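Remarks on the structure that follows.
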Amino acid sequence: MRKILISVAMLGLGACALPGTMDADAIAGMSGASSPFNDALHTGYASLGKGEYDEADWCDGDHFLGKAEALGGGASVGPDMADSRRMPEEHRATAAAYYTRLTEALASDAAARMPAVAAKAQVAYDCWLQEAEENHQAEDIAACQSDLDAALAQLAAKPMAKPVKKAPMVQPKGPNRFVVWFDLDSAAVSADAGTIIKRVADAFGSRKSKLIQLVGHTDTSGADAYNKQLSIWRAEAVKEALTKQGIAGGSISTKGVGENLPAVKTGDGVANAANRRVEIRLK
């Protein structure tokens with residue numbers, strides 16, 4: 001029995017010693033993620049897997065790229081189990097505690113509000129778990145743990161008190177133009193947006209319009225690539241709401257331009273509510 005176990009172990013090590021065969025760049029370019037959370041996870045795991053390939057860690061590279069590939073194809077992927085790796089004794093209790101904190105955070109309202117932060121927490125946890133198992137690159141262990149702690153802290157933080165209500169943002173002039181606005185890092189149609197969308201549907205019918213053009217926008221608070229995708233999701237969310245009002249999907253065009261055409265010009269990294277919008281035009 002001892003001989004068989006050694007052979008299996010050596011076979012596993014040999015497989016890990018072979019160069020990985022996954023196309024990291026192609027996987028990073030996949031665009032089939034099913035939600036903002038899964039899209040951010042896909043980006044994180046693709047980067048993590050490529051980093052392991054660059055260090056000739058083929059097994060872990062394959063593992064993380066496999067997760068990214070699944071996400072890019074529309075699947076959902078959870079964090080690695082705390083006991084899925086052969087952890088040194090000094091890290092076992094910490095791994096179990098982190099897993100509990102992470103899964104609770106991922107199930108929270110905060111994760112729903114902040115999908116990019118939630119994804120960062122999951123990727124950082126898997127990164128820390130892998131580095132802690134290897135237990136020989138102290139700087140890498142600390143870097144992954146720092147990212148994990150920061151993301152978990154952000155998810156656990158109590159929501160800030162609502163600011164004093166400002167005057168509502170003004171709809172554009174003219175009977176054929178409308179705007180709906182979105183919360184930070186969200187493509188969810190709010191109740192206020194739903195009221196405007198009902199007005200759009202009514203105007204479409206009364207004016208006998210042929211086409212509704214939807215253009216999604218974001219502020220500058222996220223990465224360019226993520227903001228482009230978020231702007232598309234926002235336009236698609238408004239389209240779905242319009243179809244529920246009886247508008248045929250073929251009468252609605254959608255596109256997203258990310259942060260490139262702000263309503264209010266700001267610097268990079270600025271969360272500006274006026275820029276988180278979908279502009280609507282009847283033709």
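Following the order of the structure tokens, first chain is A, next is B, and so on, with residues numbered from 1 inside each chain and ligands from 1 in the order they appear.
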
Please provide as a PDB file with C-alpha atoms, in the first residue's frame all residues within 9 Å of region 220-233 of chain A, with the sequence filter that same-chain residues fewer than 4 positions apart are discarded (counting only C-alpha atoms).
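selection09.pdb written:
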```
ATOM      1  CA  SER A  35     -23.704  38.966 -13.713  1.00  0.00           C
ATOM      2  CA  PRO A  36     -21.495  41.862 -12.547  1.00  0.00           C
ATOM      3  CA  ASP A  39     -17.763  39.124 -14.518  1.00  0.00           C
ATOM      4  CA  ALA A  40     -15.494  40.535 -11.805  1.00  0.00           C
ATOM      5  CA  LEU A 184     -23.303  52.775  -7.538  1.00  0.00           C
ATOM      6  CA  ASP A 185     -22.004  49.544  -9.136  1.00  0.00           C
ATOM      7  CA  SER A 186     -25.562  48.451  -9.942  1.00  0.00           C
ATOM      8  CA  ALA A 187     -27.657  47.600 -12.974  1.00  0.00           C
ATOM      9  CA  VAL A 215     -27.394  54.136 -24.282  1.00  0.00           C
ATOM     10  CA  GLY A 216     -25.866  53.014 -20.974  1.00  0.00           C
ATOM     11  CA  ALA A 237     -31.966  46.159 -17.766  1.00  0.00           C
ATOM     12  CA  VAL A 238     -33.968  49.124 -19.101  1.00  0.00           C
ATOM     13  CA  THR A 254     -29.123  49.032 -26.780  1.00  0.00           C
ATOM     14  CA  LYS A 255     -25.463  49.887 -26.395  1.00  0.00           C
ATOM     15  CA  GLY A 256     -23.095  50.851 -23.588  1.00  0.00           C
ATOM     16  CA  VAL A 257     -20.319  53.418 -23.715  1.00  0.00           C
ATOM     17  CA  GLY A 258     -18.920  52.977 -20.202  1.00  0.00           C
ATOM     18  CA  GLU A 259     -17.433  56.114 -18.678  1.00  0.00           C
ATOM     19  CA  ASN A 260     -16.545  57.757 -22.001  1.00  0.00           C
ATOM     20  CA  PRO A 262     -20.141  61.605 -18.815  1.00  0.00           C
ATOM     21  CA  THR A 266     -14.948  64.409 -13.412  1.00  0.00           C
ATOM     22  CA  GLY A 267     -11.510  62.994 -12.768  1.00  0.00           C
ATOM     23  CA  ASP A 268     -10.856  59.272 -12.727  1.00  0.00           C
ATOM     24  CA  GLY A 269     -12.173  57.253  -9.797  1.00  0.00           C
ATOM     25  CA  VAL A 270     -15.080  59.599  -8.996  1.00  0.00           C
ATOM     26  CA  ALA A 271     -18.473  58.150  -8.009  1.00  0.00           C
ATOM     27  CA  ASN A 272     -20.844  60.705  -9.532  1.00  0.00           C
ATOM     28  CA  ASN A 275     -23.150  59.843 -14.681  1.00  0.00           C
ATOM     29  CA  ARG A 276     -24.659  56.473 -13.700  1.00  0.00           C
ATOM     30  CA  ARG A 277     -27.472  56.478 -16.213  1.00  0.00           C
ATOM     31  CA  VAL A 278     -29.205  55.183 -19.323  1.00  0.00           C
TER      32      VAL A 278
END
```

Report the residues of region 7-252 of chain A whose backbone DSSP state falls under strand (DSSP E), written as a PDB file with C-alpha atoms, in the first residue's frame.
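Generated file (part.pdb):
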```
ATOM      1  CA  ARG A 177     -35.847  62.103 -24.498  1.00  0.00           C
ATOM      2  CA  PHE A 178     -35.604  60.564 -21.015  1.00  0.00           C
ATOM      3  CA  VAL A 179     -32.935  59.475 -18.517  1.00  0.00           C
ATOM      4  CA  VAL A 180     -32.963  56.866 -15.756  1.00  0.00           C
ATOM      5  CA  TRP A 181     -30.254  56.741 -13.105  1.00  0.00           C
ATOM      6  CA  ILE A 212     -36.371  53.318 -28.661  1.00  0.00           C
ATOM      7  CA  GLN A 213     -32.611  53.890 -28.416  1.00  0.00           C
ATOM      8  CA  LEU A 214     -30.959  53.084 -25.071  1.00  0.00           C
ATOM      9  CA  VAL A 215     -27.394  54.136 -24.282  1.00  0.00           C
ATOM     10  CA  GLY A 216     -25.866  53.014 -20.974  1.00  0.00           C
ATOM     11  CA  ILE A 252     -35.461  48.647 -28.789  1.00  0.00           C
TER      12      ILE A 252
END
```

Can you list, as a list in words, every protein, DNA or RNA residue that comes within 12 Å of Ala28 (chain A) when you count only C-alpha atoms, leaving out same-chain residues fewer than 4 positions away?
-> Met22, Asp23, Ala24, Gly32, Ala33, Asp39, Ala40, Leu41, His42, Thr43, Gly44, Tyr45, Ala46, Ser47, Leu48, Gly49, Lys50, Phe64, Leu65, Gly66, Lys67, Ala68, Glu69, Ala70, Leu71, Gly72, Gly73 and Ala225 of chain A

Residue with smallest distance to Glu89 (chain A) - pool A:Ser108, A:Gln122, A:Asn135, A:Asn176, counting only C-alpha atoms |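 Of all the options, A:Asn135 lies closest to Glu89 (chain A).
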
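Excluding Leu155 (chain A) itself and same-chain residues fewer than 4 positions from it, the residues having an atom within 8 Å of it are Ala105, Ala110, Ala111, Met114, Val117, Ala118 and Ala151 of chain A, counting only C-alpha atoms.
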